[in-house]
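What follows is one structure encoded as structure tokens, with my remarks underneath.
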Amino acid sequence: MSFVEVFKKLSRSELKLRLYSCTAADVEQALQGASGNLDSLLALLSPAAQPYLEQMAQQAVTLTRQRFGASIGMYIPLYLSNLCANECDYCGFTMSNKIKRKTLSNDEVLDEMRLIKTMGYDSILLVSGEHETKVGIDYFKQVLPLVREQFSHVAMEVQPLGEQDYRELVASGLDAVMLYQETYNPETYSKHHTRGKKKDFIFRLESPDRVARAGVDKIGLGVLLGLDDWRLDALLMGHHIDYLEKTYWRSRYSISLPRLRPCTGGISPKVELTDKGLVQMICAFRLFNQQLEISLSTRETPKLRDNLFALGVTNVSAGSSTQPGGYVEPNTELDQFEISDGRTPQVVAKAMLERGLNPVWKDWETGW
Ligand code: SF4
């Protein structure tokens with residue numbers, strides 16, 4: 001059993017029809033108590049919820065503060081490699097892009113970590129392109145213990161792995177895995193993923209099940225907003241989280257809501273998600289799920305990020321480089337995507353403190 005069976009029973013056309021025919025009464029009912037209710041999530045993501053944004057935001061702030069206090073978890077990505085055996089037309093690392101490819105050696109990883117440590121971080125996200133042979137499980141098994149020695153929380157955003165691989169990485173200190181479906185529309189998915197293992201929509205869709213079965217503490221899902229109808233993609237991601245939480249209740253869950261950003265040779269968004277739309281989505285998820293961690297990257301502008309910090313977001317990156325070796329030697333030519341918020345972590349932390357929020361430079365630490 002995996003989410004694939006659940007997904008196959010969902011009718012895209014029916015969900016879409018319901019999303020776009022929601023009424024004010026449906027939204028008002030959802031606002032009475034959306035917790036754990038997928039029908040309420042649908043109503044809150046619908047166009048009919050737009051006039052209720054203020055009310056949704058007030059509830060989202062209250063629920064976030066009740067569950068997470070005034071804390072915002074700070075994390076930073078460390079790009080290990082930009083090698084990739086896939087063709088994804090929205091990404092600077094796509095196989096056919098003629099960019100300089102690089103995979104960090106152990107010494108280079110240590111150099112990058114030394115610099116990151118001076119910024120104050122104790123929570124790190126290891127990122128790489130998807131290249132099974134050159135940047136596969138053996139490489140991760142070699143790098144992870146080095147990283148674990150210096151950071152109390154280690155997350156990974158790499159290609160989907162096998163269940164046994166995840167188990168071994170958990171034993172070496174892996175805390176979290178981020179695995180983004182990009183879009184839940186199989187047709188759109190195949191249009192944007194034209195070569196390599198990532199072409200397999202179903203394999204990717206069932207991957208979070210393997211991560212959860214391997215006992216990973218935190219699992220992150222995400223869609224790349226702009227590839228398809230964001231309301232429907234968000235709703236289907238809600239179904240995915242609902243299934244995972246009920247099936248694998250020992251893990252924590254997080255979502256990431258990246259909007260498509262320009263990159264070398266990349267495409268423009270097909271469906272634009274406005275700032276207001278992004279706010280609606282964050283609030284809808286918070287009202288639907290009070291435990292859910294919501295992560296915000298440096299893809300968004302400083303002004304928008306500062307406003308979103310208080311709303312429902314729980315984890316924030318700052319001072320990020322999106323290229324391997326980029327902390328020691330910045331070189332934007334190797335970037336995976338363009339960054340909008342280039343402020344230092346200290347400046348971002350100050351903006352949080354001014355809003356009564358506490359930046360916390362680590363994630364949860366395993367106590368036993
Ligand atoms: S999105 Fe991931 S898999 Fe696709 S090209 Fe970029 S790094 Fe490779």
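How things are named: the first chain in the structure tokens is A, the next is B, and so on; residues count from 1 in each chain; ligands count from 1 in the order shown.
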Find the nearest atom pair between each residue of chain A and ligand 1 for residues within 8 Å, count only C-alpha atoms and all ligand atoms, give distances in Å to one decimal, sort rows by chain and ascending number, and present the table as CSV.
residue,atom,partner,partner_atom_place_in_ligand_line,distance
A:Asn82,CA,ligand 1,7 (S),6.8
A:Leu83,CA,ligand 1,8 (Fe),7.5
A:Cys84,CA,ligand 1,8 (Fe),4.7
A:Ala85,CA,ligand 1,8 (Fe),6.6
A:Asn86,CA,ligand 1,8 (Fe),5.1
A:Glu87,CA,ligand 1,5 (S),5.2
A:Cys88,CA,ligand 1,4 (Fe),4.4
A:Asp89,CA,ligand 1,5 (S),7.2
A:Tyr90,CA,ligand 1,1 (S),7.2
A:Cys91,CA,ligand 1,6 (Fe),4.5
A:Gly92,CA,ligand 1,6 (Fe),6.3
A:Phe93,CA,ligand 1,6 (Fe),4.7
A:Thr94,CA,ligand 1,5 (S),3.5
A:Met95,CA,ligand 1,5 (S),6.3
A:Ser128,CA,ligand 1,7 (S),6.5
A:Gly129,CA,ligand 1,7 (S),3.6
A:Glu130,CA,ligand 1,3 (S),5.0
A:His131,CA,ligand 1,8 (Fe),7.9
A:Val158,CA,ligand 1,2 (Fe),7.6
A:Gln159,CA,ligand 1,3 (S),7.1
A:His193,CA,ligand 1,4 (Fe),7.4
A:Lys198,CA,ligand 1,3 (S),6.3
A:Gln336,CA,ligand 1,6 (Fe),7.1
**Request:** Name the residues in contact with Met352 in chain A at a cut-off of 10 Å, using only C-alpha atoms, excluding same-chain residues fewer than 5 positions from it; report them as a PyMOL selection string.
**Result:** chain A and resi 70-72+305-307+309-310+346-347+357-359
With N, CA and C atoms retained, export the selected residues as a short mmCIF file (atom, residue, chain, number, x, y, z; two decimals), in the first residue's frame.
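What follows is the written file again.cif:
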data_model
loop_
_atom_site.label_atom_id
_atom_site.label_comp_id
_atom_site.auth_asym_id
_atom_site.auth_seq_id
_atom_site.Cartn_x
_atom_site.Cartn_y
_atom_site.Cartn_z
N ALA A 70 6.68 31.70 19.41
CA ALA A 70 7.17 32.77 18.53
C ALA A 70 8.44 32.33 17.81
N SER A 71 8.72 31.01 17.81
CA SER A 71 9.98 30.53 17.25
C SER A 71 9.91 30.31 15.75
N ILE A 72 10.97 30.66 15.09
CA ILE A 72 11.13 30.33 13.66
C ILE A 72 12.45 29.57 13.54
N ARG A 305 8.85 38.08 2.42
CA ARG A 305 9.28 37.14 3.46
C ARG A 305 9.03 37.71 4.85
N ASP A 306 9.40 38.98 5.04
CA ASP A 306 9.21 39.59 6.36
C ASP A 306 7.74 39.54 6.78
N ASN A 307 6.83 39.74 5.81
CA ASN A 307 5.41 39.70 6.14
C ASN A 307 4.92 38.28 6.38
N PHE A 309 6.70 35.77 7.65
CA PHE A 309 7.29 35.15 8.85
C PHE A 309 6.24 34.99 9.96
N ALA A 310 5.42 36.00 10.12
CA ALA A 310 4.48 35.98 11.24
C ALA A 310 3.23 35.16 10.94
N GLN A 346 21.97 37.30 9.62
CA GLN A 346 21.84 38.22 10.76
C GLN A 346 20.80 39.31 10.48
N VAL A 347 20.79 39.80 9.24
CA VAL A 347 19.81 40.84 8.88
C VAL A 347 18.39 40.25 8.91
N LEU A 357 9.43 37.92 16.85
CA LEU A 357 9.66 36.49 16.61
C LEU A 357 11.09 36.13 17.02
N ASN A 358 11.29 34.87 17.40
CA ASN A 358 12.62 34.43 17.84
C ASN A 358 13.25 33.49 16.82
N PRO A 359 14.28 33.92 16.12
CA PRO A 359 14.99 32.96 15.26
C PRO A 359 15.70 31.92 16.11
#
Open item on the list: Which residues are near Ser35 in chain A? Cut-off 8 Å, only C-alpha atoms, ignore same chain within fewer than 6 positions. Put them as number ranges by chain.
Closed with: A: 287-290
Output the selection as a compact mmCIF listing (two decimals), in the first residue's frame - C-alpha atoms for each residue.
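After the write, again_21.txt holds the following:
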# COMPACT_ATOMS: atom_id res chain seq x y z
CA LEU A 287 -6.00 26.10 9.26
CA PHE A 288 -6.09 22.55 7.89
CA ASN A 289 -3.11 21.27 9.87
CA GLN A 290 -1.78 22.91 13.03
- request: Pick out each residue of range 14-162 of chain A that DSSP on the backbone tags as alpha helix (DSSP H); I need them as a PyMOL selection string.
  value: chain A and resi 14-20+24-31+38-45+53-68+106-118+137-148
Quick one: everything within 6 Å of range 173-189 of chain A, counting only C-alpha atoms, minus sequence neighbours fewer than 5 positions away in the same chain. Send it as an mmCIF file with C-alpha atoms, in the first residue's frame.
data_model
loop_
_atom_site.group_PDB
_atom_site.id
_atom_site.type_symbol
_atom_site.label_atom_id
_atom_site.label_comp_id
_atom_site.auth_asym_id
_atom_site.auth_seq_id
_atom_site.Cartn_x
_atom_site.Cartn_y
_atom_site.Cartn_z
ATOM 1 C CA VAL A 154 20.590 17.137 9.111
ATOM 2 C CA ALA A 155 18.038 17.095 6.296
ATOM 3 C CA MET A 156 18.511 15.931 2.708
ATOM 4 C CA GLU A 157 17.001 16.979 -0.598
ATOM 5 C CA VAL A 216 12.847 9.247 8.991
ATOM 6 C CA ASP A 217 11.737 11.753 11.628
ATOM 7 C CA LYS A 218 10.617 14.571 9.313
ATOM 8 C CA ILE A 219 9.322 14.338 5.754
ATOM 9 C CA GLY A 220 8.898 17.366 3.531
ATOM 10 C CA LEU A 221 6.602 17.568 0.516
ATOM 11 C CA GLY A 222 6.385 20.330 -2.027
ATOM 12 C CA VAL A 223 5.048 21.464 -5.375
ATOM 13 C CA LEU A 224 6.739 23.853 -7.749
ATOM 14 C CA ASP A 233 -1.701 20.944 -6.852
#
- Message: According to DSSP computed on the backbone, where in range 5-205 of chain A is there strand (DSSP E)? Give the residues as number ranges by chain.
- Response: A: 71-81, 87-88, 123-128, 153-157, 176-178, 193-195
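Residues in contact range of Gly342 in chain A, defined as at most 10 Å between only C-alpha atoms, with sequence neighbours fewer than 4 positions away removed, read Thr298, Arg299, Glu300, Thr301, Pro302, Ala318, Gly319, Ser320, Ser321, Glu338, Val347 and Val348 of chain A.
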| said: I'd like the neighbourhood of Glu365 in chain A as a ChimeraX atom specification, where a residue qualifies if any of its atoms comes within 9 Å (using only C-alpha atoms), though same-chain residues fewer than 3 positions away should be ignored. | reply: /A:152-153,175,362
Atoms to include: C-alpha atoms. Write the selected residues as a short mmCIF file (atom, residue, chain, number, x, y, z; two decimals), in the first residue's frame.
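Wrote out-v2.cif, looks like this:
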data_model
loop_
_atom_site.label_atom_id
_atom_site.label_comp_id
_atom_site.auth_asym_id
_atom_site.auth_seq_id
_atom_site.Cartn_x
_atom_site.Cartn_y
_atom_site.Cartn_z
CA SER A 152 22.48 18.70 15.41
CA HIS A 153 19.88 18.46 12.61
CA ASP A 175 16.80 13.49 10.48
CA LYS A 362 18.44 24.61 15.10
#
Checklist line | Residues within 8 Å of range 17-19 of chain A, only C-alpha atoms, excluding chain neighbours under 6 positions, as number ranges by chain | finding: A: 42-43, 45-47, 231-232
CA of Gln280 in chain A sits from CA of Gly226 in chain A at a separation of 15.3 Å
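The closest residue to Val27 in chain A, picked from A:Val170, A:Ile116, A:Val328, A:Ala284 and counting only C-alpha atoms, is A:Ala284.
The interatomic distance for the pair CA of Ile255 in chain A and CA of Leu292 in chain A works out to 7.4 Å.
With CA of Gly136 in chain A on one side and CA of Asp111 in chain A on the other, the separation reads 21.4 Å.
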Please report as CSV every residue of range 206-313 of chain A lying within 10 Å of range 50-56 of chain A, along with the nearest atom pair and their distance in Å (one decimal), using only C-alpha atoms.
residue,atom,partner,partner_atom,distance
A:Lys276,CA,A:Gln50,CA,8.4
A:Gly277,CA,A:Gln50,CA,8.3
A:Val279,CA,A:Leu53,CA,8.0
A:Gln280,CA,A:Leu53,CA,6.4
A:Met281,CA,A:Leu53,CA,10.0
A:Ile282,CA,A:Met56,CA,9.6
A:Cys283,CA,A:Met56,CA,5.9
A:Ala284,CA,A:Met56,CA,7.3
A:Arg286,CA,A:Met56,CA,9.2
A:Leu287,CA,A:Met56,CA,7.7
A:Leu311,CA,A:Met56,CA,9.9
Only N, CA and C atoms, please: the residues just picked out, written as a PDB file, in the first residue's frame.
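Once written, selection-v2.pdb looks like this:
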ATOM      1  N   LYS A 276      -0.770  37.342  -3.090  1.00  0.00           N
ATOM      2  CA  LYS A 276      -2.018  37.092  -2.356  1.00  0.00           C
ATOM      3  C   LYS A 276      -2.367  35.601  -2.371  1.00  0.00           C
ATOM      4  N   GLY A 277      -2.145  34.986  -3.517  1.00  0.00           N
ATOM      5  CA  GLY A 277      -2.397  33.543  -3.650  1.00  0.00           C
ATOM      6  C   GLY A 277      -1.508  32.742  -2.716  1.00  0.00           C
ATOM      7  N   VAL A 279      -0.208  33.786   0.097  1.00  0.00           N
ATOM      8  CA  VAL A 279      -0.708  34.004   1.459  1.00  0.00           C
ATOM      9  C   VAL A 279      -1.921  33.099   1.712  1.00  0.00           C
ATOM     10  N   GLN A 280      -2.817  33.044   0.739  1.00  0.00           N
ATOM     11  CA  GLN A 280      -4.013  32.204   0.889  1.00  0.00           C
ATOM     12  C   GLN A 280      -3.615  30.736   1.117  1.00  0.00           C
ATOM     13  N   MET A 281      -2.623  30.297   0.356  1.00  0.00           N
ATOM     14  CA  MET A 281      -2.205  28.902   0.465  1.00  0.00           C
ATOM     15  C   MET A 281      -1.610  28.599   1.841  1.00  0.00           C
ATOM     16  N   ILE A 282      -0.739  29.496   2.313  1.00  0.00           N
ATOM     17  CA  ILE A 282      -0.112  29.290   3.633  1.00  0.00           C
ATOM     18  C   ILE A 282      -1.194  29.234   4.718  1.00  0.00           C
ATOM     19  N   CYS A 283      -2.145  30.183   4.647  1.00  0.00           N
ATOM     20  CA  CYS A 283      -3.206  30.220   5.667  1.00  0.00           C
ATOM     21  C   CYS A 283      -4.076  28.965   5.581  1.00  0.00           C
ATOM     22  N   ALA A 284      -4.412  28.558   4.355  1.00  0.00           N
ATOM     23  CA  ALA A 284      -5.281  27.376   4.185  1.00  0.00           C
ATOM     24  C   ALA A 284      -4.620  26.150   4.817  1.00  0.00           C
ATOM     25  N   ARG A 286      -2.325  26.090   7.201  1.00  0.00           N
ATOM     26  CA  ARG A 286      -2.246  26.217   8.662  1.00  0.00           C
ATOM     27  C   ARG A 286      -3.589  25.890   9.304  1.00  0.00           C
ATOM     28  N   LEU A 287      -4.679  26.376   8.699  1.00  0.00           N
ATOM     29  CA  LEU A 287      -6.005  26.100   9.265  1.00  0.00           C
ATOM     30  C   LEU A 287      -6.336  24.612   9.160  1.00  0.00           C
ATOM     31  N   LEU A 311       3.024  34.800   9.718  1.00  0.00           N
ATOM     32  CA  LEU A 311       1.726  34.282   9.286  1.00  0.00           C
ATOM     33  C   LEU A 311       1.479  32.797   9.568  1.00  0.00           C
TER      34      LEU A 311
END
